[in-house]
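Notes to accompany the following structure.
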Amino acid sequence: MISQHVRLRVVLTGPESSGKTTLAHALADFYGCNVVPEFARSFLGALCREYNHDDLALIARGQTAWEYWYSAHAEHWLLVCDTDWTVVRIWESFRYGYVKHTLHPVAAPDTLYLLCKPDIEWEPDPLRENPADRDELFGLYEQLLRETGLNYSISSGNVTDRLQNAVSLIEKYS
């Protein structure tokens with residue numbers, strides 16, 4: 001999936017309103033690289049009805065397609081992804097009680113996951129559904145990352161702390 005230029009892919013994952021997008025953009029600004037946006041926001045924003053379980057398959061495929069496109073067009077050694085299949089997997093499992101659409105890919109050694117802890121204030125958003133479940137969801141994310149053998153680190157604290165910690169981790173890989 002990664003282009004000849006990209007040596008490291010950093011994926012932000014975690015519960016709703018845990019700072020994923022903020023950290024993704026802070027990293028992109030710091031390194032001067034692109035961010036693969038969250039496909040679900042565009043998809044759900046354009047959907048003229050309530051989403052259903054089968055829509056999650058489209059969202060997962062759309063996110064993967066965006067990752068491929070951004071990777072293929074990257075001219076920087078770092079690619080930051082504001083989510084990936086892990087978010088859709090936890091969303092599917094938590095909301096519907098079983099997984100039908102989101103099988104995980106093989107763990108890639110050139111990918112670092114930053115699991116964002118929900119230790120920041122909840123920010124309301126029309127697409128967010130679980131303000132009271134963030135700690136439970138965080139546990140599910142960590143369990144998924146461990147069980148699938150993905151390389152991850154927990155991102156916590158304020159934006160400055162999260163950025164400094166992420167940069168320290170990324171520098172070990174570059």
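Ordered as shown in the structure tokens, chains take letters A, B, and onward, while each chain numbers its residues from 1 and ligands are numbered from 1 in the order shown.
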
* To do: Once DSSP has gone over the backbone, tell me which residues of stretch 14-168 of chain A are in helix (DSSP H, G or I), as an NGL selection string.
  => :A and (20-31 or 39-46 or 55-72 or 85-96 or 134-147 or 159-168)

* Asked: Skipping near chain neighbours, those fewer than 5 positions away, what residues fall within 9 Å of A:Leu145 using only C-alpha atoms, listed as number ranges by chain?
  -> A: 86, 113, 115, 140, 150-152

Could you please take those selected residues and save N, CA and C atoms as a compact mmCIF listing (two decimals), in the first residue's frame?
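Wrote selection17.txt, looks like this:
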# COMPACT_ATOMS: atom_id res chain seq x y z
N THR A 86 -9.58 0.04 11.83
CA THR A 86 -9.81 -0.26 13.24
C THR A 86 -11.02 0.50 13.79
N TYR A 113 0.52 2.80 15.08
CA TYR A 113 -0.79 3.25 15.54
C TYR A 113 -0.63 4.11 16.78
N LEU A 115 -2.99 5.29 19.59
CA LEU A 115 -4.30 5.08 20.19
C LEU A 115 -4.59 6.27 21.10
N LEU A 140 -11.72 -1.41 24.15
CA LEU A 140 -11.94 -2.27 22.98
C LEU A 140 -10.89 -2.01 21.90
N LEU A 150 -0.69 -5.33 16.21
CA LEU A 150 -0.31 -4.07 15.59
C LEU A 150 0.60 -3.26 16.51
N ASN A 151 1.53 -2.55 15.92
CA ASN A 151 2.48 -1.71 16.65
C ASN A 151 1.76 -0.44 17.08
N TYR A 152 1.58 -0.24 18.39
CA TYR A 152 0.84 0.93 18.84
C TYR A 152 1.44 1.53 20.11

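Here the question is which of A:Asn130, A:Thr111, A:Val99, A:Phe43 gets nearest to A:Leu169 using only C-alpha atoms, and that residue is A:Thr111.
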
* **Selection: 10 Å around A:His5, only C-alpha atoms, excl. self and same-chain fewer than 4 positions, as a PyMOL selection string** => chain A and resi 71-79

* Output as a ChimeraX atom specification all residues of stretch 48-155 of chain A that backbone DSSP marks as strand (DSSP E). => /A:78-81,111-116,152-155

Those residues with C-alpha atoms, as a PDB file, in the first residue's frame please?
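See result.pdb below for the written result:
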ATOM      1  CA  LEU A  78       5.505  10.075   6.321  1.00  0.00           C
ATOM      2  CA  LEU A  79       1.796   9.482   5.741  1.00  0.00           C
ATOM      3  CA  VAL A  80      -0.657  10.329   8.527  1.00  0.00           C
ATOM      4  CA  CYS A  81      -4.064   8.621   8.524  1.00  0.00           C
ATOM      5  CA  THR A 111       2.713   1.321  10.391  1.00  0.00           C
ATOM      6  CA  LEU A 112       2.563   2.924  13.819  1.00  0.00           C
ATOM      7  CA  TYR A 113      -0.794   3.250  15.538  1.00  0.00           C
ATOM      8  CA  LEU A 114      -1.388   6.076  17.981  1.00  0.00           C
ATOM      9  CA  LEU A 115      -4.303   5.082  20.192  1.00  0.00           C
ATOM     10  CA  CYS A 116      -5.850   8.329  21.411  1.00  0.00           C
ATOM     11  CA  TYR A 152       0.839   0.929  18.839  1.00  0.00           C
ATOM     12  CA  SER A 153       1.410   3.498  21.530  1.00  0.00           C
ATOM     13  CA  ILE A 154      -1.125   5.329  23.664  1.00  0.00           C
ATOM     14  CA  SER A 155      -1.474   9.066  23.041  1.00  0.00           C
TER      15      SER A 155
END

* **Residue nearest A:Asp82 among A:Asn52, A:Thr22, A:Ser168, A:Thr160 (counting only C-alpha atoms)** => A:Thr22

* Please provide as an NGL selection string all residues within 10 Å of A:Pro37, with the sequence filter that same-chain residues fewer than 6 positions apart are discarded (counting only C-alpha atoms). => :A and (21 or 24-25 or 63 or 66-67 or 70 or 80-84)

* Do you have the atom CA of A:Arg146-atom CA of A:Leu58 distance handy? -> 25.7 Å

* Asked: Within 7 Å of A:Gly14, counting only C-alpha atoms, which residues qualify if same-chain residues fewer than 3 places away don't, as a PyMOL selection string?
  -> chain A and resi 18+87+115-117+138+141

Could you dump the residues just selected with C-alpha atoms as a short mmCIF file (atom, residue, chain, number, x, y, z; two decimals), in the first residue's frame?
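The new file part_11.cif reads:
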data_model
loop_
_atom_site.label_atom_id
_atom_site.label_comp_id
_atom_site.auth_asym_id
_atom_site.auth_seq_id
_atom_site.Cartn_x
_atom_site.Cartn_y
_atom_site.Cartn_z
CA SER A 18 -10.39 11.59 21.64
CA VAL A 87 -12.32 2.54 13.82
CA LEU A 115 -4.30 5.08 20.19
CA CYS A 116 -5.85 8.33 21.41
CA LYS A 117 -7.02 8.21 24.99
CA PHE A 138 -10.85 2.82 24.44
CA TYR A 141 -9.48 -0.42 20.74
#

* To do: Find the spatial neighbours of A:Val88, counting only C-alpha atoms, within a cut-off of 9 Å - ignore same-chain residues fewer than 6 positions away - and output them as a PyMOL selection string.
  => chain A and resi 40+56-57+59-60+101-102

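Comparing A:Phe39, A:Arg134, A:Lys172, A:Val159 by their smallest distance to A:Ala65, the closest is A:Phe39 (using only C-alpha atoms).
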
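Taking atom CA of A:Glu16 as the reference point, atom CA of A:Trp85 is found at 14.5 Å.
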
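For the atom pair formed by atom CA of A:Leu12 and atom CA of A:Asp55, the distance is 21.8 Å, given to one decimal.
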
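Shortest separation to A:Ala28 among A:Leu163, A:Ile120, A:Pro109, A:Glu50 occurs at residue A:Leu163, atoms counted being only C-alpha atoms.
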
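Among the candidates A:Glu38, A:Asp29, A:Asp54, A:Glu129, the residue lying nearest to A:Pro15 is A:Glu129 (atoms considered: only C-alpha atoms).
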